[in-house]
Each structure stands twice: as C-alpha cells, then as structure tokens.
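Engineer: Got a structure for you, written out below as structure tokens; questions coming shortly.
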Amino acid sequence: MENSLDSREFPTPGQPAPIRRAYIDWLRGIAVLFMIEWHTVDAWNADPERARTVFATLAYIGGWAAPLFLFLAGVAVPLAAASHARKGRSSREAAWALQKRGWQIFVIAHLFRLQSFILNPWARIDSIFKPDILNILGLGLVVAAWCWGRSARLTRRLAWLLLPAGAIVLLTPLSREWGWPTMPHLRLEAYIRPNGGWGVFTIFPWLAYVLVGAAVGVWLVQPRAASREPLFHALLALAGLGVIAAGFLGSSLPSLTPASQGGSTFSYFVSRNGIMMVALAATWWLLETPGAQRMTRWWGPVLTFGRTSLFVYWIHVELAYGFFSTAWKRSMTIEEWSLAYVAFTAMLYWAAAWWAKRTTTPWVPGHLKSTKA
C-alpha cells in the first residue's frame with residue numbers, strides 16, 4: 001500500500017473535507033477544566049491544606065492539563081496540514097504555515113507575560129521572558145511542523161517525529177547536569193531545565209509531548225472509510241495500552257542514561273503518552289458513536305472550553321494568581337475552594353461562550369471545530 005503524502009494524507013483541492021473531530025475539542029476542554037482546577041487550588045488554598053491527601057490528589061489531576069495541551073497541540077499539526085492541502089498548498093507550504101503559527105503562539109506567550117508584568121506592581125521586568133507552557137507549545141509547534149515536513153512517506157514522517165521526541169526525553173536527566181545553560185541569562189537557562197523558579201516549563205522533556213502528539217495525528221489523519229472509524233479507535237486504544245505497559249516495564253529496567261533516574265524519566269513519559277492515547281480513543285467512543293448526539297447538552301460546555309482554550313488560559317491565570325484574587329489568596333480550605341472553583345468555572349464558561357459567539361475566528365484551528373450543534 002502506498003504511503004506517500006499525496007495519496008494518503010492530502011486530498012485534491014476542492015475535495016470535501018473529512019468529518020471534523022469534536023472529540024479533540026472535548027478532550028482539550030477537559031484539559032481546560034484540569035488547568036483551572038490546579039491553578040485555583042494552588043493559588044487559593046491555605047498552607048495547612050496542602051498537607052492533606054485530597055490536595056495531593058488534586059495536584060495529580062491538575063498535573064494532566066499541561067501534557068494534554070501539548071499532546072493535543074501536536075495531534076492538530078497533521079490535521080492542520082491536511083486542511084492547508086485541501087486549499088491547494090504543497091507539503092512544504094503547509095509545513096511553513098504551521099511553523100509560522102508556532103512562532104505566533106511564541107509571541108503571544110510574551111504578550112501574555114507583558115500583561116502580567118503591567119498588572120503586577122511587584123513584577124520584575126525580565127518576567128516577560130519567563131518560559132511558560134505557551135512558550136513551549138509555540139516552540140513545539142515549530143519543531144513538529146518542521147519534522148513533519150521532512151518526508152512525505154508515512155514511516156519516515158513518524159521517525160522524524162518520534163526519534164527527536166525520544167532523544168529529548170533521554171537527554172532530560174543529562175540536561176540537569178550540563179554546564180553551558182548557566183552561561184546565558186537565567187530565563188534562558190529555564191528553557192533547558194528547572195532553575196529555582198525562573199521558568200515554569202522546559203524544553204526537556206515537555207516539547208517531546210508535542211512531537212508524540214503529532215505522530216499520533218499522522219496516524220489519525222490517514223484516509224479510511226467512516227465504517228472503519230470504530231476499528232481505528234479500538235486499535236488506538238490498544239496501542240495506548242501497549243505503550244502504558246511498555247512504560248511500566250521500562251521503569252523496572254536499569255537506567256538508560258548515566259544520569260540518575262534516566263530510565264524512570266523515560267518510562268514516565270512513555271506511560272503518560274499511552275494514557276493520553278487511550279483517553280483520545282475513549283473520547284471518540286464517547287462523542288462520535290451512535291447515540292452520542294443525544295448527550296450534546298451535557299458535552300456542550302466542555303466543547304466550548306476546548307474551542308476557546310487559549311482565551312480561557314489568557315484571562316483565568318491573572319484572575320487566579322494576580323491582583324484580583326488578593327483577598328482570598330492562600331486562605332481557603334479545600335471545602336471552601338471547591339465551591340469557589342465551581343463558581344469560578346461557571347464564570348469562565350460564560351466568558352468563553354460570549355467570546356465564541358462574538359469572534360469570527362475563535363483561537364482553535366478550523367479543522368478541529370465540530371459541525372455538530
């Protein structure tokens with residue numbers, strides 16, 4: 001069977017677009033809920049509450065927001081490339097357009113930090129350059145789009161995405177020992193490794209989640225009859241379970257790198273990606289199978305969050321951590337926080353719904369928007 005770019009991924013210009021994938025929006029919406037949960041519980045809970053088991057559980061749940069965002073951003077790369085191809089663009093043009101989108105996100109990350117600096121009278125001027133998830137997401141899109149465009153064949157494209165991802169994760173423990181990252185400014189070192197709060201997210205290993213998501217997206221975008229979608233997503237779930245098992249097995253093997261915990265770092269990364277593959281398949285079964293449309297009124301709010309995720313991120317961080325929440329910051333019990341979380345999420349949903357209705361191009365690629373009500 002031919003695996004070339006032209007015959008498998010790219011329909012001819014004018015060919016009807018494939019069914020839009022609402023379940024990806026929905027899973028991104030779940031990541032938004034996890035993000036709001038963690039940011040508010042971290043910002044608003046009193047110090048004694050952090051010793052409770054329930055706080056550790058909430059931290060674990062909230063910890064899934066970042067890898068989900070990065071993984072799904074990667075999944076979107078091949079889908080967006082196919083969208084560009086339907087407009088008559090070549091693979092090189094599609095890859096360059098996606099790289100430009102990644103650089104746009106990178107610039108937006110600095111604009112977001114500029115806003116935070118302006119609104120915080122105690123902020124440092126260099127906080128504008130603090131690496132956060134938007135910085136890594138933008139760079140991840142640039143790298144994933146570049147790797148995607150290196151080859152037109154399926155197997156080579158997967159290799160271009162997965163081999164750099166594996167290298168990034170394997171180098172993660174070693175990056176903690178390198179001397180050269182201390183030479184530039186601490187904000188730049190924070191792109192490479194954690195260094196005492198100068199950054200939040202690092203290239204090692206977070207960028208690799210985008211690359212693995214892009215590899216899954218390459219598999220996802222392959223043409224197939226609608227009748228084969230259930231089989232495909234069953235295979236995706238089985239593959240995810242296999243990846244999870246490989247991660248757990250790898251955790252018991254000797255370290256792959258001289259640095260401490262190299263093997264466990266790699267295994268943890270592998271297991272997380274397997275879980276997200278299973279979640280992606282399960283979400284398809286939840287939303288796209290017969291009868292799922294009857295549940296639209298229940299899924300709708302989460303879809304709205306997924307389609308306006310960048311907008312929600314932009315407004316909620318300052319509200320959770322910034323000047324506006326000074327009165328109750330670090331003062332709530334878990335029980336008080338749970339009520340505040342529900343109210344805060346409801347307010348953000350209202351804002352997201354307002355934004356989605358009043359913007360002609362919500363900040364989610366068009367190929368990910370559902371055609372369903």
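In the structure tokens, chains take letters A, B, ... by order of appearance, with residues numbered from 1 within each chain and ligands from 1 in the order shown.
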Please identify all polymer residues within 12 Å of Glu318 (chain A), counting only C-alpha atoms, omitting same-chain residues fewer than 4 positions from it, and present them as a list in words.
Structural biologist: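 The contact residues come out as Ile36, His39, Thr40, Ala43, Phe112, Arg113, Leu114, Gln115, Ser116, Phe117, Ile118, Leu119, Asn120, Val312, Tyr313, Trp314, Gly322, Phe323, Phe324, Ser325 and Thr326 of chain A.
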Engineer: I need the alpha helix (DSSP H) residues of region 44-190 of chain A per DSSP on the backbone, written as a PyMOL selection string.
Structural biologist: chain A and resi 44+53-62+65-86+91-119+133-148+154-175+186-190
Engineer: Could I get the residues of region 180-286 of chain A with an atom no further than 6 Å from an atom of region 165-172 of chain A, each paired with its nearest atom pair and that distance in Å to one decimal, using only C-alpha atoms, sorted by chain and residue number, as CSV?
Structural biologist:
```
residue,atom,partner,partner_atom,distance
A:Phe204,CA,A:Thr172,CA,5.0
A:Pro205,CA,A:Val169,CA,5.1
A:Ala208,CA,A:Ala165,CA,4.5
A:Leu211,CA,A:Ala165,CA,5.9
A:Phe266,CA,A:Val169,CA,5.9
```
Engineer: Give the answer as one residue: which of A:Gly74, A:Ala353, A:Tyr341, A:Met35 has the shortest atom-to-atom distance to Gly300 (chain A), using only C-alpha atoms?
Structural biologist: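 Under the stated criterion, the closest residue is A:Ala353.
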Engineer: Env of Leu235 (chain A): 10 Å cut, atoms = only C-alpha atoms, seq-sep filter 5 positions within chain, self excluded. Answer as a ChimeraX atom specification.
Structural biologist: /A:229-230,240-241,278,281
Engineer: So how many Å separate CA of Leu186 (chain A) and CA of Asp132 (chain A), to one decimal?
Structural biologist: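 Interatomic distance, CA of Leu186 (chain A) to CA of Asp132 (chain A): 13.9 Å.
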Engineer: Take CA of Trp285 (chain A) and CA of Gly247 (chain A) and report the distance between them in Å, one decimal.
Structural biologist: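 If I compute the distance from CA of Trp285 (chain A) to CA of Gly247 (chain A), I get 24.6 Å.
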Engineer: Which residues come within 10 Å of Asn273 (chain A), counting only C-alpha atoms, excluding same-chain residues fewer than 6 positions away, as an MDAnalysis selection string?
Structural biologist: chainID A and resid 67:68 71 209 212:213 216 240:241 243:244 247 267 279
Engineer: Using only C-alpha atoms, pick whichever of A:Leu287, A:Ile24, A:Ile108, A:Leu348 has the shortest atom-to-atom distance to Ile136 (chain A).
Structural biologist: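 Using only C-alpha atoms, Ile136 (chain A) sits closest to A:Ile108.
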Engineer: Extract, using only C-alpha atoms, all DNA, RNA and protein residues at most 9 Å from Trp198 (chain A), discarding same-chain residues fewer than 5 positions from it, and format them as a short mmCIF file (atom, residue, chain, number, x, y, z; two decimals) with N, CA and C atoms, in the first residue's frame.
Structural biologist:
```cif
data_model
loop_
_atom_site.label_atom_id
_atom_site.label_comp_id
_atom_site.auth_asym_id
_atom_site.auth_seq_id
_atom_site.Cartn_x
_atom_site.Cartn_y
_atom_site.Cartn_z
N SER A 127 10.50 39.19 33.90
CA SER A 127 9.45 38.17 33.95
C SER A 127 8.72 38.05 32.61
N LYS A 130 9.89 34.93 30.96
CA LYS A 130 9.78 33.69 31.73
C LYS A 130 9.13 32.61 30.87
N PRO A 131 9.78 31.48 30.65
CA PRO A 131 9.18 30.42 29.84
C PRO A 131 8.03 29.73 30.56
N LEU A 186 19.41 33.67 33.27
CA LEU A 186 18.70 32.60 33.95
C LEU A 186 17.37 32.27 33.29
N ARG A 187 16.74 33.26 32.66
CA ARG A 187 15.48 32.99 31.95
C ARG A 187 15.71 32.05 30.77
N LEU A 188 16.86 32.14 30.13
CA LEU A 188 17.17 31.26 29.02
C LEU A 188 17.56 29.87 29.53
N GLU A 189 18.26 29.83 30.65
CA GLU A 189 18.55 28.52 31.25
C GLU A 189 17.27 27.79 31.60
N ALA A 190 16.24 28.55 31.99
CA ALA A 190 14.97 27.95 32.39
C ALA A 190 14.26 27.28 31.22
#
```
Engineer: Could you give me, as CSV, a per-residue list for region 211-292 of chain A showing, wherever an atom lies at most 10 Å from an atom of region 80-104 of chain A, the closest pair of atoms and their distance in Å to one decimal, using only C-alpha atoms and sorting by chain then residue number from low to high?
Structural biologist:
```
residue,atom,partner,partner_atom,distance
A:Gly217,CA,A:Ala80,CA,9.8
A:Val218,CA,A:Ala81,CA,9.9
A:Val221,CA,A:Ala82,CA,7.8
A:Gln222,CA,A:Ala82,CA,9.8
```
Engineer: Kindly export the residues of the current selection with C-alpha atoms, as a PDB file, in the first residue's frame.
Structural biologist:
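Result file result_29.pdb:
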```pdb
ATOM      1  CA  GLY A 217      -2.043  12.874  14.467  1.00  0.00           C
ATOM      2  CA  VAL A 218      -0.215  11.450  11.434  1.00  0.00           C
ATOM      3  CA  VAL A 221      -5.310  11.717   9.582  1.00  0.00           C
ATOM      4  CA  GLN A 222      -4.834   8.692   7.299  1.00  0.00           C
TER       5      GLN A 222
END
```
Engineer: As a ChimeraX atom specification, please: the residues near Trp26 (chain A) (cut-off 9 Å, only C-alpha atoms, same-chain neighbours under 2 positions excluded).
Structural biologist: /A:22-24,28-31,283,287,299-307
Engineer: Would you put the residues from that selection into a file with N, CA and C atoms, as a PDB file, in the first residue's frame?
Structural biologist:
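Output file part-v8.pdb is given in full below:
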```pdb
ATOM      1  N   ALA A  22     -14.947  16.649  16.799  1.00  0.00           N
ATOM      2  CA  ALA A  22     -15.373  17.338  18.008  1.00  0.00           C
ATOM      3  C   ALA A  22     -14.739  16.740  19.246  1.00  0.00           C
ATOM      4  N   TYR A  23     -14.406  15.458  19.199  1.00  0.00           N
ATOM      5  CA  TYR A  23     -13.886  14.818  20.406  1.00  0.00           C
ATOM      6  C   TYR A  23     -12.523  15.377  20.803  1.00  0.00           C
ATOM      7  N   ILE A  24     -11.761  15.902  19.830  1.00  0.00           N
ATOM      8  CA  ILE A  24     -10.490  16.530  20.189  1.00  0.00           C
ATOM      9  C   ILE A  24     -10.741  17.831  20.933  1.00  0.00           C
ATOM     10  N   ARG A  28      -9.651  18.576  24.833  1.00  0.00           N
ATOM     11  CA  ARG A  28      -8.971  19.819  25.191  1.00  0.00           C
ATOM     12  C   ARG A  28      -9.764  20.562  26.262  1.00  0.00           C
ATOM     13  N   GLY A  29     -11.088  20.518  26.179  1.00  0.00           N
ATOM     14  CA  GLY A  29     -11.917  21.140  27.212  1.00  0.00           C
ATOM     15  C   GLY A  29     -11.692  20.512  28.576  1.00  0.00           C
ATOM     16  N   ILE A  30     -11.502  19.190  28.612  1.00  0.00           N
ATOM     17  CA  ILE A  30     -11.172  18.522  29.876  1.00  0.00           C
ATOM     18  C   ILE A  30      -9.850  19.053  30.415  1.00  0.00           C
ATOM     19  N   ALA A  31      -8.888  19.258  29.521  1.00  0.00           N
ATOM     20  CA  ALA A  31      -7.608  19.832  29.951  1.00  0.00           C
ATOM     21  C   ALA A  31      -7.809  21.222  30.534  1.00  0.00           C
ATOM     22  N   THR A 283     -12.536   9.135  24.210  1.00  0.00           N
ATOM     23  CA  THR A 283     -13.326  10.330  23.941  1.00  0.00           C
ATOM     24  C   THR A 283     -14.063  10.199  22.603  1.00  0.00           C
ATOM     25  N   LEU A 287     -18.172  10.510  22.195  1.00  0.00           N
ATOM     26  CA  LEU A 287     -18.834  11.592  21.475  1.00  0.00           C
ATOM     27  C   LEU A 287     -19.263  11.245  20.058  1.00  0.00           C
ATOM     28  N   TRP A 299     -22.272  17.612  26.822  1.00  0.00           N
ATOM     29  CA  TRP A 299     -20.913  17.793  26.338  1.00  0.00           C
ATOM     30  C   TRP A 299     -20.636  19.241  25.921  1.00  0.00           C
ATOM     31  N   GLY A 300     -21.701  20.000  25.610  1.00  0.00           N
ATOM     32  CA  GLY A 300     -21.543  21.340  25.050  1.00  0.00           C
ATOM     33  C   GLY A 300     -20.617  22.265  25.817  1.00  0.00           C
ATOM     34  N   PRO A 301     -20.780  22.432  27.127  1.00  0.00           N
ATOM     35  CA  PRO A 301     -19.890  23.339  27.857  1.00  0.00           C
ATOM     36  C   PRO A 301     -18.419  22.953  27.763  1.00  0.00           C
ATOM     37  N   VAL A 302     -18.123  21.656  27.798  1.00  0.00           N
ATOM     38  CA  VAL A 302     -16.732  21.225  27.695  1.00  0.00           C
ATOM     39  C   VAL A 302     -16.200  21.518  26.291  1.00  0.00           C
ATOM     40  N   LEU A 303     -17.035  21.320  25.267  1.00  0.00           N
ATOM     41  CA  LEU A 303     -16.634  21.665  23.905  1.00  0.00           C
ATOM     42  C   LEU A 303     -16.317  23.150  23.789  1.00  0.00           C
ATOM     43  N   THR A 304     -17.129  23.973  24.430  1.00  0.00           N
ATOM     44  CA  THR A 304     -16.884  25.418  24.390  1.00  0.00           C
ATOM     45  C   THR A 304     -15.534  25.749  25.009  1.00  0.00           C
ATOM     46  N   PHE A 305     -15.221  25.145  26.133  1.00  0.00           N
ATOM     47  CA  PHE A 305     -13.911  25.362  26.749  1.00  0.00           C
ATOM     48  C   PHE A 305     -12.789  24.916  25.804  1.00  0.00           C
ATOM     49  N   GLY A 306     -12.990  23.767  25.135  1.00  0.00           N
ATOM     50  CA  GLY A 306     -11.955  23.273  24.236  1.00  0.00           C
ATOM     51  C   GLY A 306     -11.708  24.180  23.056  1.00  0.00           C
ATOM     52  N   ARG A 307     -12.772  24.803  22.552  1.00  0.00           N
ATOM     53  CA  ARG A 307     -12.643  25.664  21.378  1.00  0.00           C
ATOM     54  C   ARG A 307     -12.122  27.053  21.726  1.00  0.00           C
TER      55      ARG A 307
END
```
